[in-house]
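Content type mmCIF, C-alpha atoms and all ligand atoms, from the file entry_7.cif:
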data_coords
loop_
_atom_site.label_atom_id
_atom_site.label_comp_id
_atom_site.auth_asym_id
_atom_site.auth_seq_id
_atom_site.Cartn_x
_atom_site.Cartn_y
_atom_site.Cartn_z
CA MET A 1 -8.87 -20.04 -40.21
CA SER A 2 -5.32 -19.31 -41.33
CA THR A 3 -6.78 -17.65 -44.39
CA CYS A 4 -8.86 -15.24 -42.33
CA PRO A 5 -7.44 -11.75 -41.95
CA GLN A 6 -5.85 -10.90 -38.57
CA TYR A 7 -8.05 -7.83 -38.20
CA ILE A 8 -11.08 -10.08 -37.68
CA VAL A 9 -9.49 -11.36 -34.44
CA ASP A 10 -8.64 -7.75 -33.50
CA TYR A 11 -12.29 -6.83 -34.01
CA MET A 12 -13.32 -9.70 -31.74
CA HIS A 13 -11.25 -8.19 -28.96
CA GLU A 14 -12.55 -4.70 -29.66
CA TYR A 15 -16.02 -6.18 -29.39
CA LEU A 16 -15.19 -7.88 -26.09
CA ASP A 17 -13.75 -4.63 -24.71
CA GLY A 18 -16.99 -2.92 -25.68
CA ASP A 19 -15.27 -0.28 -27.77
CA ILE A 20 -15.85 -1.50 -31.33
CA SER A 21 -16.94 0.96 -33.99
CA ARG A 22 -20.14 0.37 -35.93
CA GLU A 23 -18.21 -0.25 -39.08
CA HIS A 24 -15.93 -2.85 -37.50
CA GLU A 25 -18.88 -4.53 -35.83
CA GLN A 26 -20.69 -4.94 -39.13
CA GLN A 27 -17.59 -6.38 -40.78
CA LEU A 28 -17.13 -8.78 -37.88
CA LYS A 29 -20.75 -9.95 -37.96
CA LYS A 30 -20.64 -10.44 -41.68
CA HIS A 31 -17.48 -12.51 -41.42
CA LEU A 32 -18.80 -14.63 -38.55
CA GLN A 33 -21.89 -15.55 -40.52
CA ASP A 34 -19.76 -17.15 -43.20
CA CYS A 35 -16.81 -18.51 -41.21
CA SER A 36 -17.29 -21.32 -38.70
CA ASP A 37 -13.63 -21.22 -37.58
CA CYS A 38 -13.93 -17.60 -36.50
CA GLN A 39 -17.30 -18.36 -34.94
CA GLN A 40 -15.62 -21.01 -32.84
CA HIS A 41 -12.78 -18.64 -31.96
CA MET A 42 -15.28 -16.03 -30.80
CA HIS A 43 -17.18 -18.62 -28.74
CA GLN A 44 -14.00 -19.81 -27.07
CA LEU A 45 -13.09 -16.25 -26.14
CA SER A 46 -16.54 -15.63 -24.62
CA ASP A 47 -16.33 -18.91 -22.73
CA THR A 48 -12.87 -17.99 -21.48
CA ILE A 49 -14.19 -14.74 -20.03
CA ALA A 50 -17.17 -16.51 -18.46
CA PHE A 51 -14.77 -19.06 -16.97
CA VAL A 52 -12.57 -16.42 -15.27
CA LYS A 53 -15.61 -14.47 -14.13
CA SER A 54 -17.00 -17.55 -12.38
CA ALA A 55 -14.12 -17.32 -9.90
CA ALA A 56 -15.49 -17.30 -6.36
CA HIS A 57 -15.31 -14.13 -4.33
CA ILE A 58 -12.34 -14.31 -1.98
CA THR A 59 -12.38 -12.55 1.38
CA ALA A 60 -9.52 -11.63 3.69
CA PRO A 61 -9.03 -13.79 6.82
CA PRO A 62 -10.94 -12.61 9.93
CA ASN A 63 -8.02 -11.10 11.84
CA PHE A 64 -6.63 -9.24 8.82
CA GLU A 65 -7.30 -5.69 10.09
CA GLU A 66 -5.74 -6.44 13.42
CA GLN A 67 -2.63 -7.86 11.76
CA VAL A 68 -2.24 -4.77 9.57
CA MET A 69 -2.61 -2.42 12.53
CA LYS A 70 0.05 -4.39 14.41
CA ARG A 71 2.45 -4.02 11.50
CA LEU A 72 2.16 -0.24 11.28
CA PRO A 73 5.16 1.69 12.56
CA LYS A 74 4.60 3.14 16.05
CA PRO A 75 3.68 6.81 15.94
CA LYS A 76 6.17 9.15 17.59
CA GLN A 77 4.93 10.21 21.00
CA ARG A 78 4.48 13.85 20.51
CA LEU A 79 1.83 15.85 22.20
CA GLY A 80 0.18 18.19 19.75
CA VAL A 81 -0.47 21.63 21.13
CA GLN A 82 -4.17 21.51 20.33
CA LYS A 83 -4.68 18.06 21.78
CA TRP A 84 -2.91 19.11 24.94
CA LEU A 85 -4.99 22.28 25.26
CA ARG A 86 -8.15 20.24 24.98
CA ARG A 87 -7.05 17.74 27.58
CA HIS A 88 -5.83 20.10 30.24
CA PRO A 89 -8.00 23.22 30.32
CA ILE A 90 -7.32 24.02 33.99
CA ILE A 91 -3.60 23.64 33.65
CA VAL A 92 -3.70 25.86 30.57
CA ALA A 93 -5.52 28.55 32.49
CA ALA A 94 -2.98 28.31 35.26
CA ALA A 95 -0.18 28.33 32.75
CA VAL A 96 -1.49 31.43 31.02
CA PHE A 97 -1.57 33.14 34.39
CA LEU A 98 1.95 32.06 35.11
CA PHE A 99 3.04 33.02 31.64
CA PHE A 100 2.33 36.65 32.34
CA MET A 101 3.53 36.58 35.89
CA SER A 102 6.72 34.66 35.62
CA ALA A 103 9.95 36.48 35.25
CA THR A 104 11.86 33.24 35.08
CA LEU A 105 10.17 32.45 31.81
CA LEU A 106 11.68 35.48 30.19
CA ASN A 107 15.02 34.47 31.55
CA ASN A 108 14.56 31.06 30.02
CA TYR A 109 13.67 32.40 26.57
CA PRO A 110 15.40 30.15 24.05
CA ASN A 111 18.82 31.09 22.85
CA ASP A 112 21.39 29.22 20.82
CA GLU A 113 23.26 27.98 23.83
CA PHE A 114 23.66 24.24 24.21
CA SER A 115 22.55 22.72 27.47
CA VAL A 116 21.71 19.34 28.90
CA THR A 117 20.31 18.00 32.14
CA LYS A 118 23.12 16.76 34.38
CA GLN A 119 22.96 13.00 34.68
CA PRO A 120 25.98 10.95 35.85
CA ASN A 121 26.36 8.56 32.89
CA LEU A 122 25.75 10.88 29.93
CA VAL A 123 28.53 11.41 27.40
CA VAL A 124 28.69 14.84 25.73
CA ASP A 125 30.48 15.07 22.40
CA GLY A 126 30.37 18.65 21.09
CA GLN A 127 26.64 19.36 20.89
CA THR A 128 25.63 15.73 20.85
CA VAL A 129 24.55 13.98 24.01
CA ILE A 130 24.96 10.22 24.09
CA VAL A 131 23.42 7.66 26.38
CA PRO A 132 26.08 4.96 25.93
CA GLU A 133 25.21 1.36 25.22
CA GLY A 134 24.72 -0.67 28.36
CA GLU A 135 24.14 2.42 30.51
CA VAL A 136 20.84 3.18 32.25
CA VAL A 137 20.10 6.84 32.95
CA LYS A 138 17.73 7.17 35.89
CA GLY A 139 15.76 10.40 35.54
CA ASP A 140 14.61 12.84 32.86
CA ILE A 141 16.85 14.25 30.14
CA VAL A 142 16.35 17.64 28.52
CA VAL A 143 18.67 18.66 25.69
CA LYS A 144 18.56 22.21 24.30
CA ASN A 145 20.17 23.20 21.00
CA GLY A 146 21.82 19.83 20.63
CA ASP A 147 21.13 16.27 19.53
CA LEU A 148 20.44 13.25 21.66
CA VAL A 149 21.56 9.75 20.72
CA ILE A 150 20.23 6.93 22.87
CA GLU A 151 22.10 3.68 22.62
CA GLY A 152 21.41 2.56 26.17
CA GLU A 153 18.29 3.01 28.29
CA VAL A 154 16.52 5.96 29.87
CA ASP A 155 14.29 5.48 32.88
CA GLY A 156 12.39 8.75 32.56
CA ASN A 157 11.13 11.35 30.07
CA VAL A 158 13.19 12.65 27.17
CA THR A 159 12.85 16.13 25.67
CA VAL A 160 14.90 17.56 22.82
CA ILE A 161 14.56 21.27 22.05
CA ASN A 162 15.90 22.54 18.72
CA GLY A 163 17.73 19.34 18.04
CA GLN A 164 17.29 15.81 16.85
CA TYR A 165 16.40 12.72 18.76
CA MET A 166 18.01 9.55 17.45
CA ALA A 167 17.49 6.09 18.79
CA SER A 168 17.33 2.75 17.12
CA THR A 169 16.80 0.12 19.75
CA ALA A 170 16.50 2.61 22.55
CA VAL A 171 14.41 1.92 25.58
CA VAL A 172 12.78 4.96 27.09
CA THR A 173 10.29 4.36 29.86
CA GLY A 174 8.79 7.84 29.84
CA GLN A 175 7.55 10.18 27.13
CA ILE A 176 9.62 11.38 24.22
CA GLU A 177 9.11 14.92 22.98
CA GLU A 178 10.84 16.90 20.29
CA ILE A 179 10.34 20.61 20.30
CA ASP A 180 11.50 22.59 17.31
CA GLU A 181 9.74 25.90 17.33
CA THR A 182 9.76 28.73 19.77
CA PHE A 183 6.01 28.60 20.01
CA GLU A 184 5.99 24.98 21.01
CA TRP A 185 8.83 25.66 23.35
CA LEU A 186 6.72 28.26 25.13
CA TRP A 187 3.97 25.74 25.63
CA TYR A 188 6.50 23.33 26.93
CA GLU A 189 7.75 25.85 29.46
CA MET A 190 4.22 26.70 30.50
CA LYS A 191 3.31 23.08 30.82
CA ARG A 192 6.34 22.50 33.00
CA MET A 193 5.52 25.45 35.19
CA ALA A 194 1.89 24.48 35.35
CA ASN A 195 2.85 21.01 36.45
CA ASP A 196 4.98 22.52 39.19
CA PHE A 197 2.10 24.82 40.07
CA MET A 198 -0.36 21.93 40.30
CA ALA A 199 2.11 19.94 42.34
CA LEU A 200 1.74 22.56 45.08
CA PHE A 201 -1.85 21.46 45.57
CA GLU A 202 -1.21 17.74 45.64
CA MET B 1 -18.04 6.19 1.25
CA ASP B 2 -15.69 8.67 -0.40
CA ALA B 3 -16.51 11.35 2.15
CA LEU B 4 -15.82 8.99 5.04
CA LEU B 5 -12.65 7.79 3.39
CA ASN B 6 -11.32 11.31 2.83
CA LYS B 7 -12.09 12.17 6.42
CA ARG B 8 -10.20 9.13 7.67
CA ILE B 9 -7.23 9.86 5.42
CA LYS B 10 -7.01 13.39 6.80
CA GLN B 11 -7.17 12.04 10.35
CA VAL B 12 -4.36 9.58 9.64
CA LEU B 13 -2.28 12.38 8.13
CA LYS B 14 -2.79 14.37 11.32
CA GLY B 15 -1.30 11.50 13.31
CA ASP B 16 -4.38 9.51 14.29
CA GLN B 17 -3.20 6.00 13.52
CA ASN B 18 -6.47 4.35 14.60
CA ALA B 19 -8.34 6.14 11.81
CA PHE B 20 -6.46 3.87 9.42
CA THR B 21 -8.53 0.89 10.64
CA ASP B 22 -11.49 2.05 8.56
CA VAL B 23 -9.31 2.34 5.48
CA VAL B 24 -8.24 -1.28 5.98
CA THR B 25 -11.83 -2.40 6.61
CA LEU B 26 -12.98 -0.78 3.40
CA TYR B 27 -10.39 -2.33 1.11
CA GLN B 28 -9.13 -5.47 2.82
CA HIS B 29 -11.16 -7.94 0.75
CA LYS B 30 -10.40 -6.31 -2.58
CA LEU B 31 -6.67 -6.20 -1.93
CA TYR B 32 -6.52 -9.67 -0.45
CA GLN B 33 -8.43 -11.10 -3.40
CA LEU B 34 -6.11 -9.35 -5.85
CA CYS B 35 -3.04 -10.72 -4.08
CA TYR B 36 -4.50 -14.19 -3.80
CA ARG B 37 -5.33 -14.35 -7.49
CA MET B 38 -1.92 -12.99 -8.44
CA LEU B 39 0.10 -15.22 -6.12
CA GLY B 40 -2.12 -18.30 -5.78
CA ASN B 41 -1.17 -18.84 -2.16
CA LYS B 42 -3.01 -17.80 1.00
CA GLN B 43 0.01 -17.11 3.21
CA GLU B 44 1.73 -15.02 0.58
CA ALA B 45 -1.48 -13.20 -0.29
CA GLU B 46 -1.98 -12.29 3.35
CA ASP B 47 1.59 -11.13 3.76
CA ILE B 48 1.64 -9.02 0.60
CA ALA B 49 -1.82 -7.53 1.14
CA GLN B 50 -0.81 -6.51 4.67
CA GLU B 51 2.43 -5.09 3.39
CA ALA B 52 0.49 -3.06 0.80
CA PHE B 53 -1.54 -1.43 3.58
CA VAL B 54 1.59 -0.73 5.62
CA ARG B 55 3.24 0.94 2.60
CA ALA B 56 0.08 2.94 1.96
CA TYR B 57 0.13 4.12 5.58
CA ILE B 58 3.79 5.11 5.46
CA ASN B 59 3.46 6.89 2.11
CA LEU B 60 0.02 8.38 2.66
CA HIS B 61 1.46 11.91 2.52
CA SER B 62 2.38 11.28 -1.13
CA TYR B 63 -1.17 10.26 -2.11
CA ASP B 64 -2.80 12.93 -4.27
CA GLN B 65 -6.27 13.39 -2.75
CA LYS B 66 -7.70 14.64 -6.03
CA ARG B 67 -7.27 11.16 -7.46
CA LYS B 68 -9.04 7.93 -6.65
CA PHE B 69 -7.68 6.32 -3.51
CA SER B 70 -8.44 2.75 -4.61
CA THR B 71 -6.36 3.22 -7.77
CA TRP B 72 -3.38 4.31 -5.68
CA LEU B 73 -3.86 1.42 -3.29
CA TYR B 74 -4.24 -1.16 -6.07
CA ARG B 75 -1.07 0.15 -7.61
CA ILE B 76 0.94 -0.45 -4.46
CA ALA B 77 -0.46 -3.96 -4.12
CA THR B 78 0.01 -4.88 -7.79
CA ASN B 79 3.63 -3.74 -7.76
CA LEU B 80 4.31 -5.76 -4.61
CA CYS B 81 2.74 -8.87 -6.19
CA ILE B 82 4.76 -8.52 -9.38
CA ASP B 83 7.94 -8.04 -7.34
CA ARG B 84 7.15 -11.15 -5.35
CA ILE B 85 6.45 -13.23 -8.47
CA ARG B 86 9.75 -12.14 -10.02
CA LYS B 87 11.73 -12.84 -6.86
CA LYS B 88 10.47 -16.38 -6.90
CA LYS B 89 12.09 -16.92 -10.27
CA PRO B 90 15.47 -15.28 -9.86
CA ASP B 91 17.41 -17.42 -12.33
CA TYR B 92 15.69 -16.21 -15.45
CA TYR B 93 15.85 -12.98 -17.31
CA LEU B 94 12.11 -12.92 -17.83
CA ASP B 95 11.78 -10.64 -20.82
CA ALA B 96 14.53 -12.38 -22.77
CA GLU B 97 13.42 -14.37 -25.76
CA VAL B 98 14.02 -18.09 -25.66
CA PRO B 99 16.20 -19.10 -28.61
CA GLY B 100 14.43 -21.02 -31.33
CA THR B 101 10.91 -20.49 -30.00
CA ASP B 102 9.77 -17.85 -32.44
CA GLY B 103 9.27 -14.87 -30.20
CA LEU B 104 8.25 -16.69 -27.04
CA ASP B 105 9.85 -15.06 -24.05
CA MET B 106 10.74 -16.58 -20.72
CA TYR B 107 7.30 -15.91 -19.32
CA SER B 108 5.68 -18.32 -21.69
CA HIS B 109 8.54 -20.75 -21.25
CA ILE B 110 8.09 -20.83 -17.48
CA ALA B 111 4.32 -21.07 -17.79
CA ALA B 112 4.70 -24.09 -20.01
CA THR B 113 7.00 -25.87 -17.54
CA ASP B 114 4.48 -25.32 -14.72
CA GLN B 115 1.90 -27.39 -16.52
CA LEU B 116 0.35 -30.33 -14.67
CA PRO B 117 -0.53 -33.68 -16.28
CA GLU B 118 -3.83 -33.58 -18.14
CA ASP B 119 -5.73 -36.06 -15.95
CA ALA B 120 -4.72 -34.14 -12.80
CA VAL B 121 -6.16 -30.98 -14.34
CA GLU B 122 -9.38 -32.71 -15.33
CA GLN B 123 -9.97 -33.91 -11.78
CA MET B 124 -9.77 -30.41 -10.31
CA ASP B 125 -12.97 -28.73 -9.20
CA LEU B 126 -13.94 -25.55 -10.98
CA GLN B 127 -12.48 -23.12 -8.44
CA ASP B 128 -9.11 -24.86 -8.28
CA ARG B 129 -9.05 -25.04 -12.03
CA ILE B 130 -9.69 -21.30 -12.37
CA GLN B 131 -6.84 -20.46 -10.01
CA TYR B 132 -4.57 -22.96 -11.76
CA GLU B 133 -5.25 -21.46 -15.18
CA ILE B 134 -4.74 -17.91 -13.89
CA SER B 135 -1.45 -18.89 -12.28
CA ARG B 136 -0.22 -20.34 -15.56
CA LEU B 137 -0.59 -16.98 -17.25
CA PRO B 138 2.60 -14.96 -17.67
CA ASP B 139 2.53 -12.25 -14.97
CA LYS B 140 2.13 -9.36 -17.40
CA TYR B 141 -1.10 -10.91 -18.66
CA ARG B 142 -2.14 -12.23 -15.28
CA SER B 143 -2.27 -8.76 -13.70
CA VAL B 144 -4.51 -7.26 -16.42
CA ILE B 145 -6.83 -10.28 -16.53
CA VAL B 146 -7.22 -10.31 -12.73
CA LEU B 147 -7.81 -6.54 -12.55
CA LYS B 148 -10.31 -6.65 -15.40
CA TYR B 149 -12.30 -9.82 -14.76
CA ILE B 150 -11.89 -10.52 -11.04
CA GLU B 151 -11.68 -7.01 -9.63
CA GLU B 152 -13.92 -5.74 -12.45
CA LEU B 153 -12.04 -2.50 -13.06
CA SER B 154 -12.26 -0.34 -16.16
CA LEU B 155 -9.46 -0.31 -18.72
CA GLN B 156 -8.77 3.33 -17.82
CA GLU B 157 -8.33 2.43 -14.14
CA ILE B 158 -6.09 -0.50 -15.02
CA SER B 159 -3.95 1.80 -17.13
CA GLU B 160 -3.52 4.12 -14.11
CA ILE B 161 -2.83 1.27 -11.71
CA LEU B 162 -0.16 -0.23 -13.93
CA ASP B 163 1.12 3.17 -15.07
CA MET B 164 0.82 2.08 -18.69
CA PRO B 165 -0.79 3.65 -21.77
CA LEU B 166 -4.35 2.51 -22.44
CA GLY B 167 -3.22 0.96 -25.72
CA THR B 168 -0.71 -1.27 -23.95
CA VAL B 169 -3.38 -2.40 -21.47
CA LYS B 170 -5.69 -3.32 -24.34
CA THR B 171 -2.96 -5.27 -26.12
CA ARG B 172 -2.19 -7.16 -22.93
CA ILE B 173 -5.83 -7.97 -22.29
CA HIS B 174 -6.20 -9.24 -25.85
CA ARG B 175 -3.11 -11.42 -25.53
CA GLY B 176 -4.14 -12.54 -22.05
CA ARG B 177 -7.53 -13.65 -23.35
CA GLU B 178 -5.88 -15.49 -26.23
CA ALA B 179 -3.39 -17.16 -23.88
CA LEU B 180 -6.22 -18.32 -21.60
CA ARG B 181 -8.27 -19.51 -24.55
CA LYS B 182 -5.35 -21.61 -25.74
CA GLN B 183 -4.77 -23.04 -22.25
CA LEU B 184 -8.42 -24.00 -21.87
CA ASN B 185 -8.74 -25.53 -25.31
CA ASN B 186 -5.34 -27.24 -25.33
CA LEU B 187 -4.28 -25.42 -28.44
ZN ZN A 301 -12.74 -16.49 -40.34
#
Can I see the file as structure tokens?
Ligand SMILES: [Zn+2]
Amino acid sequence: MSTCPQYIVDYMHEYLDGDISREHEQQLKKHLQDCSDCQQHMHQLSDTIAFVKSAAHITAPPNFEEQVMKRLPKPKQRLGVQKWLRRHPIIVAAAVFLFFMSATLLNNYPNDEFSVTKQPNLVVDGQTVIVPEGEVVKGDIVVKNGDLVIEGEVDGNVTVINGQYMASTAVVTGQIEEIDETFEWLWYEMKRMANDFMALFE
Amino acid sequence: MDALLNKRIKQVLKGDQNAFTDVVTLYQHKLYQLCYRMLGNKQEAEDIAQEAFVRAYINLHSYDQKRKFSTWLYRIATNLCIDRIRKKKPDYYLDAEVPGTDGLDMYSHIAATDQLPEDAVEQMDLQDRIQYEISRLPDKYRSVIVLKYIEELSLQEISEILDMPLGTVKTRIHRGREALRKQLNNL
């Protein structure tokens, strides 16, 4: 076989890949008719492929999906405007009413001023609000035009308007919302007012 | 299937995490099988296949929806498998040639040292033997052989998955077939 040209072996592989030219195929066939070594080589290659292809089909273990879903990072709790509209049609109607009626809304229109809900154990550093490690803030926190860093715990809802919310191992019992755009901020205001409005009937 | 898949991908991108379940359902067996054949170990295959789905979920925004999703997914999984194989053998510079072995690189060297005694191999049943022979292949041949003959993908798809020219894929398949032939015939 050592005397056989290398291109014969190349043609065997072209043949096995199914992309051999007519010319090469004829040369290969002609050579195989006369050369038992190359015939054997070709047979061994075909057998090798048949061997690998006889591998049993392997399936994933039964709880595989569940395990994957558990490993996915938790989605940020953020109420999409559309989703919220769909879920609370009555509140939206009430909010729209209030939107046009409320003078306080106009007064609350967003500006660049930094503000934060007063809570006893918050630390304010420039425009960054910090919930220090080991501290538990009881109640909601709203930060406007500033960032919120939670190193301790918050027993309530957290809202950050035009700022960033940063927490690594933070524990927040309520909902976390980040509001970046004026439009979303308006919905937030309306939602808040609507909630107050609905509370009157409860 | 493609229409459903595209719909689910869009839902996931909009923030509906649960829509990803169907993506996992659709491809779990293919990816698990790929990882199992590459790594030869159930625990590792499960871990890496799961990790591949997690990476796909996290990076879904970078998937180009004009291209085939399975190719993108296979690519993530194959890269993770190759990384894992290389991490297991940290003491070697794998592409380096072994002195005095006439062009054999570390891959072949390692494969040779993994060899079991002949009578142990002969007593294996067919399925164990197949996995054993695949695992003896150097990883650059193993990936193309598994993608071609176990996952039954086209050479063009394999070239996209491995981000390699078609010519390189062909060369690797040829060499992979020759390596397997030699293993099976004790040459
Ligand atoms: Zn010949």
Taking all atoms listed in the file into account and nothing else, which residues of chain A lie no more than 12 Å away from chain B? Please answer as a short mmCIF file (atom, residue, chain, number, x, y, z; two decimals) with C-alpha atoms, in the coordinates of the input.
data_model
loop_
_atom_site.label_atom_id
_atom_site.label_comp_id
_atom_site.auth_asym_id
_atom_site.auth_seq_id
_atom_site.Cartn_x
_atom_site.Cartn_y
_atom_site.Cartn_z
CA VAL A 9 -9.49 -11.36 -34.44
CA ASP A 10 -8.64 -7.75 -33.50
CA TYR A 11 -12.29 -6.83 -34.01
CA MET A 12 -13.32 -9.70 -31.74
CA HIS A 13 -11.25 -8.19 -28.96
CA GLU A 14 -12.55 -4.70 -29.66
CA TYR A 15 -16.02 -6.18 -29.39
CA LEU A 16 -15.19 -7.88 -26.09
CA ASP A 17 -13.75 -4.63 -24.71
CA GLY A 18 -16.99 -2.92 -25.68
CA ASP A 19 -15.27 -0.28 -27.77
CA GLN A 40 -15.62 -21.01 -32.84
CA HIS A 41 -12.78 -18.64 -31.96
CA MET A 42 -15.28 -16.03 -30.80
CA HIS A 43 -17.18 -18.62 -28.74
CA GLN A 44 -14.00 -19.81 -27.07
CA LEU A 45 -13.09 -16.25 -26.14
CA SER A 46 -16.54 -15.63 -24.62
CA ASP A 47 -16.33 -18.91 -22.73
CA THR A 48 -12.87 -17.99 -21.48
CA ILE A 49 -14.19 -14.74 -20.03
CA ALA A 50 -17.17 -16.51 -18.46
CA PHE A 51 -14.77 -19.06 -16.97
CA VAL A 52 -12.57 -16.42 -15.27
CA LYS A 53 -15.61 -14.47 -14.13
CA SER A 54 -17.00 -17.55 -12.38
CA ALA A 55 -14.12 -17.32 -9.90
CA ALA A 56 -15.49 -17.30 -6.36
CA HIS A 57 -15.31 -14.13 -4.33
CA ILE A 58 -12.34 -14.31 -1.98
CA THR A 59 -12.38 -12.55 1.38
CA ALA A 60 -9.52 -11.63 3.69
CA PRO A 61 -9.03 -13.79 6.82
CA PRO A 62 -10.94 -12.61 9.93
CA ASN A 63 -8.02 -11.10 11.84
CA PHE A 64 -6.63 -9.24 8.82
CA GLU A 65 -7.30 -5.69 10.09
CA GLU A 66 -5.74 -6.44 13.42
CA GLN A 67 -2.63 -7.86 11.76
CA VAL A 68 -2.24 -4.77 9.57
CA MET A 69 -2.61 -2.42 12.53
CA LYS A 70 0.05 -4.39 14.41
CA ARG A 71 2.45 -4.02 11.50
CA LEU A 72 2.16 -0.24 11.28
CA PRO A 73 5.16 1.69 12.56
CA LYS A 74 4.60 3.14 16.05
CA PRO A 75 3.68 6.81 15.94
CA LYS A 76 6.17 9.15 17.59
CA GLN A 77 4.93 10.21 21.00
CA ARG A 78 4.48 13.85 20.51
CA LEU A 79 1.83 15.85 22.20
CA GLY A 80 0.18 18.19 19.75
CA GLN A 82 -4.17 21.51 20.33
CA LYS A 83 -4.68 18.06 21.78
#
Please tabulate, as a Markdown table, the residues of chain A that come within 7 Å of ligand ZN 301 (chain A), each with its closest pair of atoms and the distance in Å to one decimal, counting all atoms listed in the file and ordering rows by chain, then residue number upward.
| residue | atom | partner | partner_atom | distance |
| --- | --- | --- | --- | --- |
| A:Met1 | CA | A:ZN301 | ZN | 5.3 |
| A:Cys4 | CA | A:ZN301 | ZN | 4.5 |
| A:His31 | CA | A:ZN301 | ZN | 6.3 |
| A:Leu32 | CA | A:ZN301 | ZN | 6.6 |
| A:Cys35 | CA | A:ZN301 | ZN | 4.6 |
| A:Ser36 | CA | A:ZN301 | ZN | 6.8 |
| A:Asp37 | CA | A:ZN301 | ZN | 5.5 |
| A:Cys38 | CA | A:ZN301 | ZN | 4.2 |
Practice problem: Can you work out the spacing between CA of Asp125 (chain B) and CA of Val144 (chain B) in Å, to one decimal? | Solution: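 Separating CA of Asp125 (chain B) from CA of Val144 (chain B) is a distance of 24.2 Å.
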Exercise. Using all atoms listed in the file, find the one residue out of A:Gly152, A:Met193, A:Val142, A:Ser21 that sits nearest to Ile176 (chain A).
Key: A:Val142
Quiz item: Any idea what the distance is between CA of Ala3 (chain B) and CA of Gln156 (chain B)?
Solution: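 Calculated distance between CA of Ala3 (chain B) and CA of Gln156 (chain B) is 22.9 Å.
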Exercise. Show which residues sit within 8 Å of Val92 (chain A), as a VMD selection string. Count only C-alpha atoms, and ignore same-chain residues fewer than 4 positions away.
Key: chain A and resid 85 88 96 190 to 191 194
Quiz item: In Å to one decimal, how far is CA of Cys81 (chain B) from CA of Gln43 (chain B)?
Solution: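 Computed distance, CA of Gln43 (chain B) to CA of Cys81 (chain B), equals 12.8 Å.
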Practice problem: Go through A:Glu133, A:Gln119, A:Trp187, A:His24 and flag the residue nearest Gly156 (chain A), using all atoms listed in the file for the distances. | Solution: A:Gln119
Exercise. Write out as a PyMOL selection string each polymer residue whose atoms come within 12 Å of Thr71 (chain B), counting only C-alpha atoms; drop sequence neighbours fewer than 2 positions from it.
Key: chain B and resi 27+30-31+56+63-69+73-78+147+151+153-163
Quiz item: Nearest to Val12 (chain B): which of B:Leu39, B:His61, B:Ile48, B:Pro117 is it, counting all atoms listed in the file?
Solution: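 For Val12 (chain B), the nearest of the candidates is B:His61.
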Quiz item: Which is closest to Trp72 (chain B) among B:Leu137, B:Cys35, B:Asn59, B:Ala120, if we use only C-alpha atoms?
Solution: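 Among the listed residues, B:Asn59 lies closest to Trp72 (chain B).
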Self-check item: Counting all atoms listed in the file, the residue of B:Leu60, B:Asp2, B:Asp119, B:Ile85 that sits nearest Arg142 (chain B)
Solution: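 Answer, going by the shortest atom-to-atom distance: B:Ile85.
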